[in-house]
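Structure below is data-v9.csv: CSV, C-alpha atoms and all ligand atoms.
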chain,number,residue,atom,x,y,z
A,1,MET,CA,-12.5,-4.4,18.6
A,2,ILE,CA,-9.3,-5.9,20.0
A,3,LYS,CA,-7.7,-3.3,22.2
A,4,GLY,CA,-5.8,-5.0,25.0
A,5,ASN,CA,-3.0,-2.8,26.2
A,6,ASP,CA,-1.6,-2.0,22.8
A,7,PRO,CA,-2.3,1.3,21.2
A,8,ILE,CA,-4.3,1.3,18.0
A,9,LEU,CA,-2.1,1.9,15.0
A,10,LEU,CA,-3.5,4.6,12.7
A,11,THR,CA,-0.6,4.1,10.3
A,12,PRO,CA,-0.7,2.7,6.8
A,13,GLY,CA,1.2,-0.4,7.8
A,14,PRO,CA,2.2,-1.9,10.1
A,15,LEU,CA,-1.4,-1.6,11.3
A,16,THR,CA,-3.7,-3.1,14.0
A,17,THR,CA,-4.2,-6.8,13.4
A,18,SER,CA,-6.9,-9.0,14.9
A,19,LEU,CA,-6.3,-11.3,17.9
A,20,GLU,CA,-6.8,-14.3,15.6
A,21,THR,CA,-4.1,-13.0,13.3
A,22,LYS,CA,-1.7,-12.4,16.1
A,23,GLN,CA,-2.4,-15.9,17.5
A,24,ALA,CA,-1.5,-17.5,14.2
A,25,MET,CA,2.1,-16.4,15.0
A,26,LEU,CA,2.3,-18.5,18.1
A,27,ARG,CA,3.7,-21.5,16.3
A,28,ASP,CA,7.1,-22.4,14.8
A,29,TRP,CA,7.1,-23.9,11.3
A,30,GLY,CA,9.7,-25.7,9.4
A,31,SER,CA,10.2,-24.3,5.9
A,32,TRP,CA,10.4,-27.8,4.4
A,33,ASP,CA,7.1,-28.8,6.1
A,34,ALA,CA,4.4,-29.8,3.6
A,35,THR,CA,1.7,-28.2,5.7
A,36,PHE,CA,3.6,-24.9,5.7
A,37,ASN,CA,4.2,-25.1,2.0
A,38,ARG,CA,0.5,-25.6,1.4
A,39,ILE,CA,-0.1,-22.4,3.3
A,40,THR,CA,2.2,-20.6,0.9
A,41,ALA,CA,0.4,-22.1,-2.1
A,42,SER,CA,-3.0,-21.1,-0.6
A,43,ILE,CA,-1.8,-17.5,-0.1
A,44,CYS,CA,-0.7,-17.3,-3.7
A,45,GLU,CA,-4.0,-18.5,-5.0
A,46,ASP,CA,-6.0,-16.2,-2.7
A,47,VAL,CA,-4.1,-13.0,-3.7
A,48,VAL,CA,-4.5,-13.8,-7.4
A,49,ASP,CA,-8.2,-14.1,-6.8
A,50,VAL,CA,-8.4,-10.7,-5.1
A,51,VAL,CA,-7.5,-9.1,-8.5
A,52,HIS,CA,-9.4,-11.6,-10.6
A,53,GLY,CA,-6.3,-12.9,-12.2
A,54,LYS,CA,-6.8,-16.7,-12.1
A,55,ALA,CA,-6.8,-17.1,-15.8
A,56,THR,CA,-3.7,-15.0,-16.5
A,57,HIS,CA,-1.7,-14.2,-13.5
A,58,VAL,CA,0.5,-15.9,-10.9
A,59,ALA,CA,1.7,-14.7,-7.5
A,60,VAL,CA,5.3,-14.7,-6.4
A,61,PRO,CA,5.8,-14.1,-2.7
A,62,LEU,CA,9.0,-12.4,-1.5
A,63,GLN,CA,10.6,-11.9,1.9
A,64,GLY,CA,10.9,-8.3,3.1
A,65,SER,CA,8.9,-5.1,3.3
A,66,GLY,CA,6.7,-3.9,0.4
A,67,THR,CA,9.5,-1.9,-1.2
A,68,PHE,CA,11.5,-5.2,-1.7
A,69,SER,CA,8.7,-6.5,-3.9
A,70,VAL,CA,8.4,-3.2,-5.8
A,71,GLU,CA,12.1,-3.3,-6.5
A,72,ALA,CA,12.0,-7.0,-7.5
A,73,ALA,CA,9.1,-6.3,-9.9
A,74,ILE,CA,10.9,-3.4,-11.6
A,75,GLY,CA,14.2,-5.4,-11.7
A,76,ASN,CA,12.5,-8.5,-13.2
A,77,LEU,CA,9.8,-7.2,-15.4
A,78,VAL,CA,11.6,-4.3,-17.0
A,79,PRO,CA,14.4,-5.6,-19.2
A,80,ARG,CA,17.7,-3.9,-18.8
A,81,ASP,CA,17.2,-1.9,-21.9
A,82,GLY,CA,13.6,-0.9,-21.0
A,83,LYS,CA,12.4,2.5,-20.0
A,84,VAL,CA,9.9,3.3,-17.2
A,85,LEU,CA,7.4,6.2,-17.1
A,86,VAL,CA,6.5,7.1,-13.5
A,87,PRO,CA,3.5,9.4,-13.1
A,88,ASN,CA,4.7,11.1,-9.9
A,89,ASN,CA,2.3,12.6,-7.4
A,90,GLY,CA,4.0,11.7,-4.1
A,91,ALA,CA,6.6,9.9,-2.0
A,92,TYR,CA,6.0,6.4,-3.2
A,93,CYS,CA,6.2,7.4,-6.8
A,94,LEU,CA,9.5,9.1,-6.0
A,95,ARG,CA,10.6,5.8,-4.4
A,96,ILE,CA,10.0,4.0,-7.7
A,97,LEU,CA,12.1,6.6,-9.5
A,98,LYS,CA,14.8,6.0,-7.0
A,99,ILE,CA,14.6,2.2,-7.5
A,100,CYS,CA,14.9,2.7,-11.3
A,101,LYS,CA,18.0,4.8,-10.7
A,102,TYR,CA,19.6,2.2,-8.4
A,103,LEU,CA,18.8,-0.6,-10.9
A,104,GLY,CA,20.1,1.3,-13.8
A,105,ARG,CA,16.7,1.3,-15.6
A,106,ALA,CA,16.1,4.3,-17.8
A,107,HIS,CA,13.2,6.3,-16.4
A,108,VAL,CA,11.2,9.5,-16.8
A,109,ALA,CA,8.9,11.2,-14.3
A,110,LEU,CA,5.6,12.8,-15.2
A,111,ASP,CA,5.4,15.3,-12.4
A,112,ILE,CA,2.0,16.1,-11.0
A,113,PRO,CA,1.1,18.1,-7.8
A,114,GLU,CA,0.5,16.0,-4.7
A,115,ASP,CA,-3.2,16.8,-4.6
A,116,LYS,CA,-3.9,16.0,-8.3
A,117,HIS,CA,-3.9,12.7,-10.1
A,118,PRO,CA,-2.6,11.8,-13.5
A,119,THR,CA,-5.2,11.3,-16.3
A,120,ALA,CA,-5.1,8.8,-19.2
A,121,ALA,CA,-4.7,11.8,-21.5
A,122,MET,CA,-1.5,13.0,-19.7
A,123,ILE,CA,0.0,9.5,-19.8
A,124,GLU,CA,-0.9,9.1,-23.5
A,125,GLU,CA,0.8,12.3,-24.3
A,126,ALA,CA,3.9,11.2,-22.5
A,127,LEU,CA,3.9,7.8,-24.3
A,128,VAL,CA,3.4,9.4,-27.7
A,129,LYS,CA,6.2,12.0,-27.0
A,130,ASP,CA,8.7,9.3,-26.0
A,131,PRO,CA,8.2,6.0,-27.9
A,132,SER,CA,11.3,4.5,-26.1
A,133,ILE,CA,9.1,4.1,-23.0
A,134,THR,CA,8.4,0.4,-22.5
A,135,HIS,CA,6.6,0.4,-19.1
A,136,VAL,CA,4.5,2.6,-16.9
A,137,ALA,CA,4.9,2.2,-13.1
A,138,GLN,CA,1.8,3.5,-11.4
A,139,VAL,CA,1.1,3.8,-7.7
A,140,HIS,CA,-2.6,3.1,-7.2
A,141,CYS,CA,-3.2,4.8,-3.9
A,142,GLU,CA,-0.3,7.2,-3.3
A,143,THR,CA,0.0,6.8,0.5
A,144,GLY,CA,2.1,10.0,0.8
A,145,ALA,CA,-1.0,12.2,0.7
A,146,GLY,CA,-3.6,9.5,0.5
A,147,ILE,CA,-4.7,10.2,-3.1
A,148,LEU,CA,-6.4,7.7,-5.3
A,149,ASN,CA,-5.0,7.5,-8.9
A,150,PRO,CA,-7.3,6.3,-11.7
A,151,LEU,CA,-5.9,2.9,-12.4
A,152,ALA,CA,-8.5,1.6,-14.8
A,153,GLU,CA,-8.2,4.4,-17.3
A,154,ILE,CA,-4.4,4.3,-17.0
A,155,ALA,CA,-4.5,0.5,-17.7
A,156,GLU,CA,-6.5,1.2,-20.8
A,157,VAL,CA,-4.1,3.7,-22.3
A,158,CYS,CA,-1.1,1.4,-21.5
A,159,ALA,CA,-2.8,-1.5,-23.3
A,160,LYS,CA,-3.7,0.7,-26.2
A,161,HIS,CA,0.0,1.7,-26.7
A,162,GLY,CA,1.3,-1.8,-26.0
A,163,LYS,CA,3.2,-0.7,-22.8
A,164,GLY,CA,3.6,-2.9,-19.8
A,165,LEU,CA,1.9,-1.6,-16.6
A,166,ILE,CA,3.4,-2.3,-13.2
A,167,VAL,CA,1.2,-1.3,-10.3
A,168,ASP,CA,2.3,-0.5,-6.8
A,169,ALA,CA,-1.0,-1.4,-5.1
A,170,MET,CA,0.5,-1.7,-1.7
A,171,SER,CA,-2.0,0.4,0.2
A,172,SER,CA,-5.1,-0.4,-2.0
A,173,PHE,CA,-4.9,-4.1,-2.5
A,174,GLY,CA,-7.8,-5.8,-0.8
A,175,ALA,CA,-9.6,-2.5,-0.1
A,176,LEU,CA,-10.2,-1.0,-3.6
A,177,ASP,CA,-11.3,-2.8,-6.7
A,178,ILE,CA,-8.4,-4.0,-9.0
A,179,ASP,CA,-9.5,-6.2,-11.9
A,180,VAL,CA,-6.7,-7.5,-14.1
A,181,SER,CA,-9.3,-9.4,-16.2
A,182,LYS,CA,-10.9,-6.1,-17.3
A,183,HIS,CA,-7.9,-3.7,-17.1
A,184,PRO,CA,-4.7,-5.2,-18.3
A,185,MET,CA,-1.7,-5.1,-15.9
A,186,ASP,CA,1.6,-6.9,-16.1
A,187,ALA,CA,2.1,-6.8,-12.3
A,188,VAL,CA,0.2,-5.8,-9.2
A,189,ILE,CA,2.4,-5.5,-6.1
A,190,ALA,CA,1.3,-5.6,-2.5
A,191,ALA,CA,2.4,-6.8,0.9
A,192,SER,CA,1.2,-8.7,4.0
A,193,GLY,CA,1.0,-5.8,6.4
A,194,LYS,CA,-1.5,-3.5,4.7
A,195,CYS,CA,-5.2,-3.8,3.8
A,196,ILE,CA,-5.3,-7.6,4.2
A,197,GLU,CA,-4.4,-6.8,7.8
A,198,GLY,CA,-1.5,-9.2,8.3
A,199,PRO,CA,1.8,-8.4,10.1
A,200,PRO,CA,4.5,-6.9,7.9
A,201,GLY,CA,7.4,-9.0,6.6
A,202,MET,CA,6.5,-10.3,3.1
A,203,GLY,CA,5.4,-8.9,-0.2
A,204,PHE,CA,4.1,-10.4,-3.4
A,205,VAL,CA,4.1,-9.7,-7.0
A,206,ILE,CA,1.0,-10.8,-9.0
A,207,ALA,CA,2.5,-11.1,-12.5
A,208,ARG,CA,1.1,-11.9,-15.9
A,209,LYS,CA,2.4,-15.5,-16.4
A,210,ALA,CA,3.2,-14.9,-20.1
A,211,VAL,CA,5.3,-11.9,-19.1
A,212,LEU,CA,7.1,-13.5,-16.1
A,213,GLU,CA,8.0,-16.5,-18.2
A,214,LYS,CA,10.2,-14.2,-20.3
A,215,CYS,CA,12.0,-12.6,-17.4
A,216,GLN,CA,14.8,-15.0,-16.8
A,217,GLY,CA,18.1,-13.2,-16.5
A,218,ASN,CA,16.6,-9.7,-16.1
A,219,SER,CA,17.2,-9.5,-12.3
A,220,HIS,CA,20.1,-7.5,-11.1
A,221,SER,CA,20.1,-9.4,-7.8
A,222,LEU,CA,19.9,-13.0,-6.6
A,223,ALA,CA,17.8,-12.4,-3.5
A,224,MET,CA,15.3,-10.3,-5.6
A,225,ASP,CA,15.1,-12.7,-8.5
A,226,LEU,CA,11.4,-13.2,-8.8
A,227,TYR,CA,11.7,-15.5,-11.8
A,228,ASP,CA,14.0,-17.7,-9.8
A,229,GLN,CA,11.7,-17.6,-6.8
A,230,TRP,CA,8.8,-18.5,-8.9
A,231,THR,CA,10.4,-21.4,-10.8
A,232,TYR,CA,12.0,-22.8,-7.6
A,233,MET,CA,8.6,-22.6,-5.8
A,234,GLN,CA,6.9,-24.4,-8.7
A,235,LYS,CA,9.5,-27.2,-8.6
A,236,THR,CA,9.8,-27.6,-4.8
A,237,THR,CA,6.7,-25.9,-3.3
A,238,GLN,CA,9.3,-24.1,-1.1
A,239,TRP,CA,10.5,-20.6,-0.8
A,240,ARG,CA,14.1,-20.0,-2.0
A,241,PHE,CA,15.9,-19.0,1.2
A,242,THR,CA,14.3,-18.8,4.7
A,243,PRO,CA,10.7,-17.7,4.6
A,244,PRO,CA,9.3,-15.4,7.3
A,245,THR,CA,7.3,-18.4,8.6
A,246,HIS,CA,5.3,-16.6,11.4
A,247,VAL,CA,4.4,-13.8,9.0
A,248,VAL,CA,3.3,-16.3,6.3
A,249,ALA,CA,1.1,-18.2,8.8
A,250,ALA,CA,-0.5,-14.9,10.1
A,251,PHE,CA,-1.0,-13.5,6.6
A,252,HIS,CA,-2.8,-16.8,5.8
A,253,ALA,CA,-5.0,-16.3,8.9
A,254,ALA,CA,-5.7,-12.7,7.9
A,255,LEU,CA,-6.7,-13.7,4.3
A,256,GLY,CA,-9.2,-16.2,5.9
A,257,GLN,CA,-10.8,-13.4,7.8
A,258,PHE,CA,-10.7,-11.1,4.8
A,259,LYS,CA,-12.7,-13.7,2.8
A,260,ALA,CA,-15.1,-14.3,5.7
A,261,GLU,CA,-15.7,-10.6,6.0
A,262,GLY,CA,-16.8,-10.5,2.3
A,263,GLY,CA,-13.6,-9.9,0.5
A,264,GLN,CA,-12.7,-6.6,-1.2
A,265,PRO,CA,-16.2,-5.0,-1.3
A,266,ALA,CA,-16.7,-5.5,2.4
A,267,ARG,CA,-13.2,-4.4,3.4
A,268,GLY,CA,-13.5,-1.4,1.2
A,269,ALA,CA,-16.9,-0.5,2.7
A,270,ARG,CA,-15.6,-0.7,6.2
A,271,TYR,CA,-12.6,1.5,5.4
A,272,ARG,CA,-14.8,4.0,3.6
A,273,LYS,CA,-17.0,4.3,6.7
A,274,ASN,CA,-13.9,4.7,8.9
A,275,CYS,CA,-12.7,7.4,6.6
A,276,GLU,CA,-16.0,9.2,6.5
A,277,THR,CA,-16.4,9.1,10.2
A,278,LEU,CA,-12.9,10.4,10.7
A,279,ILE,CA,-13.2,13.3,8.3
A,280,GLU,CA,-16.6,14.3,9.6
A,281,GLY,CA,-15.4,14.2,13.3
A,282,MET,CA,-12.2,16.0,12.6
A,283,GLY,CA,-14.0,18.5,10.4
A,284,ALA,CA,-16.3,19.3,13.4
A,285,LEU,CA,-13.2,20.1,15.4
A,286,GLY,CA,-12.0,22.5,12.7
A,287,PHE,CA,-9.5,20.3,10.9
A,288,ARG,CA,-9.2,20.6,7.1
A,289,THR,CA,-8.2,17.7,4.8
A,290,PHE,CA,-5.3,18.3,2.4
A,291,LEU,CA,-7.2,16.5,-0.4
A,292,SER,CA,-10.5,17.2,-1.9
A,293,LYS,CA,-13.2,14.6,-1.4
A,294,GLU,CA,-13.2,13.4,-5.0
A,295,VAL,CA,-9.6,12.2,-5.0
A,296,GLN,CA,-9.4,11.0,-1.3
A,297,ALA,CA,-8.8,7.3,-1.1
A,298,PRO,CA,-10.4,5.6,2.0
A,299,VAL,CA,-6.9,4.5,3.2
A,300,ILE,CA,-5.2,7.4,4.9
A,301,VAL,CA,-6.2,11.0,5.4
A,302,THR,CA,-3.8,13.9,5.4
A,303,PHE,CA,-4.9,16.8,7.7
A,304,HIS,CA,-3.5,20.3,7.8
A,305,ALA,CA,-1.7,21.0,11.1
A,306,PRO,CA,-3.5,23.5,13.3
A,307,GLY,CA,-2.2,27.1,12.9
A,308,ASP,CA,-2.2,27.7,16.6
A,309,PRO,CA,1.3,28.5,18.0
A,310,ALA,CA,0.6,26.0,20.9
A,311,TYR,CA,0.6,23.1,18.4
A,312,THR,CA,3.6,20.9,17.7
A,313,PHE,CA,3.3,17.5,16.1
A,314,LYS,CA,5.6,15.9,18.6
A,315,ASP,CA,3.6,17.0,21.6
A,316,PHE,CA,0.3,16.2,19.8
A,317,TYR,CA,1.5,12.8,18.8
A,318,GLU,CA,2.6,11.9,22.4
A,319,LYS,CA,-0.6,13.1,23.9
A,320,VAL,CA,-2.8,11.3,21.4
A,321,LYS,CA,-0.6,8.2,21.9
A,322,ALA,CA,-1.2,8.4,25.7
A,323,ARG,CA,-4.9,8.1,24.9
A,324,GLY,CA,-4.2,4.9,22.9
A,325,TYR,CA,-3.8,6.0,19.3
A,326,ILE,CA,-0.7,6.1,17.1
A,327,LEU,CA,-0.9,8.9,14.4
A,328,TYR,CA,1.5,9.3,11.5
A,329,PRO,CA,3.5,12.3,10.5
A,330,GLY,CA,2.8,14.1,7.3
A,331,LYS,CA,4.9,13.4,4.2
A,332,LEU,CA,4.4,16.6,2.2
A,333,THR,CA,7.2,19.0,1.6
A,334,GLN,CA,5.2,22.3,1.2
A,335,VAL,CA,2.7,22.3,4.0
A,336,GLU,CA,2.7,21.1,7.6
A,337,THR,CA,0.3,18.1,7.9
A,338,PHE,CA,-0.2,14.9,9.8
A,339,ARG,CA,-1.9,11.7,8.7
A,340,VAL,CA,-4.4,9.3,10.2
A,341,GLY,CA,-4.9,5.9,8.7
A,342,CYS,CA,-8.3,4.3,8.2
A,343,ILE,CA,-7.1,0.8,7.7
A,344,GLY,CA,-6.5,-2.1,10.0
A,345,ALA,CA,-8.7,-4.3,12.2
A,346,ILE,CA,-10.7,-1.3,13.4
A,347,ASP,CA,-14.2,0.0,12.6
A,348,HIS,CA,-16.0,3.4,12.6
A,349,ASN,CA,-16.5,3.3,16.4
A,350,GLU,CA,-12.8,3.3,16.9
A,351,MET,CA,-12.6,6.3,14.5
A,352,ARG,CA,-15.1,8.2,16.8
A,353,ASN,CA,-12.9,7.4,19.7
A,354,VAL,CA,-9.9,8.8,17.9
A,355,VAL,CA,-11.7,12.1,17.3
A,356,SER,CA,-12.5,12.3,21.0
A,357,ALA,CA,-8.8,11.6,21.8
A,358,VAL,CA,-7.8,14.4,19.4
A,359,ALA,CA,-10.4,16.8,20.9
A,360,GLU,CA,-9.1,16.1,24.5
A,361,THR,CA,-5.5,16.5,23.3
A,362,LEU,CA,-6.2,19.9,21.7
A,363,LYS,CA,-7.8,21.1,24.9
A,364,GLU,CA,-4.8,19.9,27.0
A,365,MET,CA,-2.4,21.6,24.7
A,366,GLY,CA,-4.3,24.8,24.7
A,367,VAL,CA,-4.8,24.7,20.9
A,368,GLN,CA,-7.7,27.0,20.0
A,369,LYS,CA,-7.0,27.8,16.3
A,370,VAL,CA,-7.5,24.4,14.6
A,371,ALA,CA,-7.6,25.9,11.1
A,372,PRO,CA,-4.3,25.7,9.3
A,373,LYS,CA,-1.7,28.4,9.2
A,374,LEU,CA,-2.3,29.5,5.7
A,375,LEU,CA,-6.0,29.9,6.1
A,376,ALA,CA,-5.6,31.4,9.6
A,377,ALA,CA,-3.4,34.1,8.2
A,378,ALA,CA,-5.7,34.9,5.3
B,401,LIG,C1,3.6,0.9,2.3
B,401,LIG,C2,3.8,1.2,0.9
B,401,LIG,C3,5.0,0.7,0.2
B,401,LIG,C4,6.0,-0.2,0.8
B,401,LIG,O1,6.6,0.4,1.9
B,401,LIG,P1,7.5,-0.5,2.9
B,401,LIG,O2,7.8,0.4,4.0
B,401,LIG,O3,8.6,-1.0,2.1
B,401,LIG,O4,6.6,-1.7,3.3
B,401,LIG,C5,5.1,1.0,-1.1
B,401,LIG,N1,4.2,1.7,-1.8
B,401,LIG,C6,3.1,2.2,-1.2
B,401,LIG,C7,2.1,3.0,-2.0
B,401,LIG,C8,2.9,2.0,0.2
B,401,LIG,O5,1.8,2.5,0.8
Structure translated into C-alpha cells:
Amino acid sequence: MIKGNDPILLTPGPLTTSLETKQAMLRDWGSWDATFNRITASICEDVVDVVHGKATHVAVPLQGSGTFSVEAAIGNLVPRDGKVLVPNNGAYCLRILKICKYLGRAHVALDIPEDKHPTAAMIEEALVKDPSITHVAQVHCETGAGILNPLAEIAEVCAKHGKGLIVDAMSSFGALDIDVSKHPMDAVIAASGKCIEGPPGMGFVIARKAVLEKCQGNSHSLAMDLYDQWTYMQKTTQWRFTPPTHVVAAFHAALGQFKAEGGQPARGARYRKNCETLIEGMGALGFRTFLSKEVQAPVIVTFHAPGDPAYTFKDFYEKVKARGYILYPGKLTQVETFRVGCIGAIDHNEMRNVVSAVAETLKEMGVQKVAPKLLAAA
C-alpha cells in the first residue's frame, strides 16, 4: 500500500488514493482539448457500465462535491410541481430533505431510526397514503451511521406504483451491486472521491435517458442545469463552464484501476474484508458497533465511544493521527460515537495496523473501559 508521509484517510471521502491516481494529476489540460474531452466521454461510458445502464441510461458529470450532483438531480428530475418521498434514516437523507426545501419541491419524510432500514412495505404504505408523491429519493448506503438500505426491493415498489426513483449512491457506487437493468431507477448519483477512489471535485448523475430528455426547463439554477450540461456536452463534447481538469484525469485513472481490479465485485470484496478485519480487531479491544451485522454496509463503521472518563474524541483522534490514521467523528445525535471508513486504496493489512494504532492510543490515554457508557452503566 502507498503510505509515503501522508496519513491514511479512514474517512468516507476524500479517501486514500493510489500513487497512480495522484500522478494523473501532474498534468495541465485545456478544456477544449480533444484528448481531454475523450477522457470525459470515457468516464461517462464507464460509470454507466458500473450500474449496467448502457441500454437505458446516460451519465452527466457535474463540477463540485457530491451534494452538488444530488441537488442537480432533484432540481432537474423532479418537476416543480412534483413531490418527493424521502425515507429518512440519517444525515444524508436529511440533506436531501433540506435540498427539497431550498428548491421549493414538495417533500415528505418517512422517518426511520438510524439503526433500521426502510422496507418496501413501509414505502408502499407511504405511496398509497399520499398519491401526490411523484418521486422517491433513496440514499443507498446512509453514510451517517453506515447502514445499507435495501435498494432492489425499494426499486420494485417504486416501479409498481409508477414513481420515479432517485438514488443517492454516493458511498456505495462501485462497491455494492446496483443494477438499473434489473431494478428500475431514474437516476443514480455518485462522485469521483468515493469508492472509485478518485480525488474529490466532480459528481455525476446517471439518468434514464427517456426521463432526462423531458427535463428541459425544470432546473432552478443555471450552474446546476443537468439537462443543459448534457445537451451541451453532446453537441460540443465539452463541459459547460470550466471542468476540474486534474480531477477528471485522476478519476479516469482511478476508473482504469477499478476495472483492472475486477470492477464492483472485486472492489466490494476488498472493502468487505477491510470491514470484517476492522470490526473483528476493534471488537477484540472491547469496542461495540452501533449497527447490527445484518444492516452494516462495508463502507464505514460507527463504533460506540469508550465509556471511560479518560476518553475524549479530540485526544483520541490526535493520537491516532500521530500514528498515521485519520478517523472520522460520529454523526449521530443520540449517542457518542466515532467512525472508521473501510474504503479507499487500502487493504485488510492496513485495517490491522489501524487496530494496533487504536490499541496503543487507548493505552497512552489510560482508557481501560472500552465498552460504551450506556452498557458500562448498566
Ligand atoms: C459523501 C456523500 C454525499 C456527498 O457529500 P459531499 O460532501 O457533498 O461530497 C452524499 N450522500 C452520501 C450518502 C455521501 O456519503
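Restricting the calculation to only C-alpha atoms, the smallest distance between A:Trp32 and any of A:Cys100, A:Leu77, A:Ala191, A:Met233 is found for A:Met233.
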When the cut-off is 10 Å and you count only C-alpha atoms and all ligand atoms, which residues lie near ligand LIG 401 (chain B), shown as an NGL selection string?
:A and (11-14 or 64-71 or 90-93 or 95-96 or 138-144 or 146-147 or 167-173 or 189-195 or 200-203 or 299-300)
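With all atoms listed in the file as the atoms that count, the minimum distance from A:Leu10 to the choices A:Asp28, A:Glu213, A:Asp177, A:Asp347 is reached by A:Asp347.
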All residues 7 Å or closer to A:Val58, all atoms listed in the file, same chain fewer than 2 positions away omitted, as JSON, numbers by chain
{"A": [48, 60, 206, 207, 208, 209]}
Contacts of stretch 270-280 of chain A at 8 Å or less, counting only C-alpha atoms, minus same-chain residues fewer than 2 places along, as a PyMOL selection string?
chain A and resi 175+266-268+282-284+289+298-301+342-343+347-348+351-352+354-355
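Atom pair atom CA of A:Met25 / atom CA of A:His246 has a distance of 4.8 Å (rounded to one decimal).
Residue nearest A:Lys319 within the list A:Gly217, A:Gly262, A:Gly30, A:Met365: A:Met365 [criterion: smallest interatomic distance, only C-alpha atoms].
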With distances taken over only C-alpha atoms, which of A:Met224, A:Ala55, A:Asp46, A:Thr35 is nearest to A:Ala73?
A:Met224
All residues 12 Å or closer to A:Ala253, only C-alpha atoms, same chain fewer than 5 positions away omitted, as number ranges by chain
A: 17-26, 39-40, 42-43, 46, 192, 196-199, 246-248, 258-260
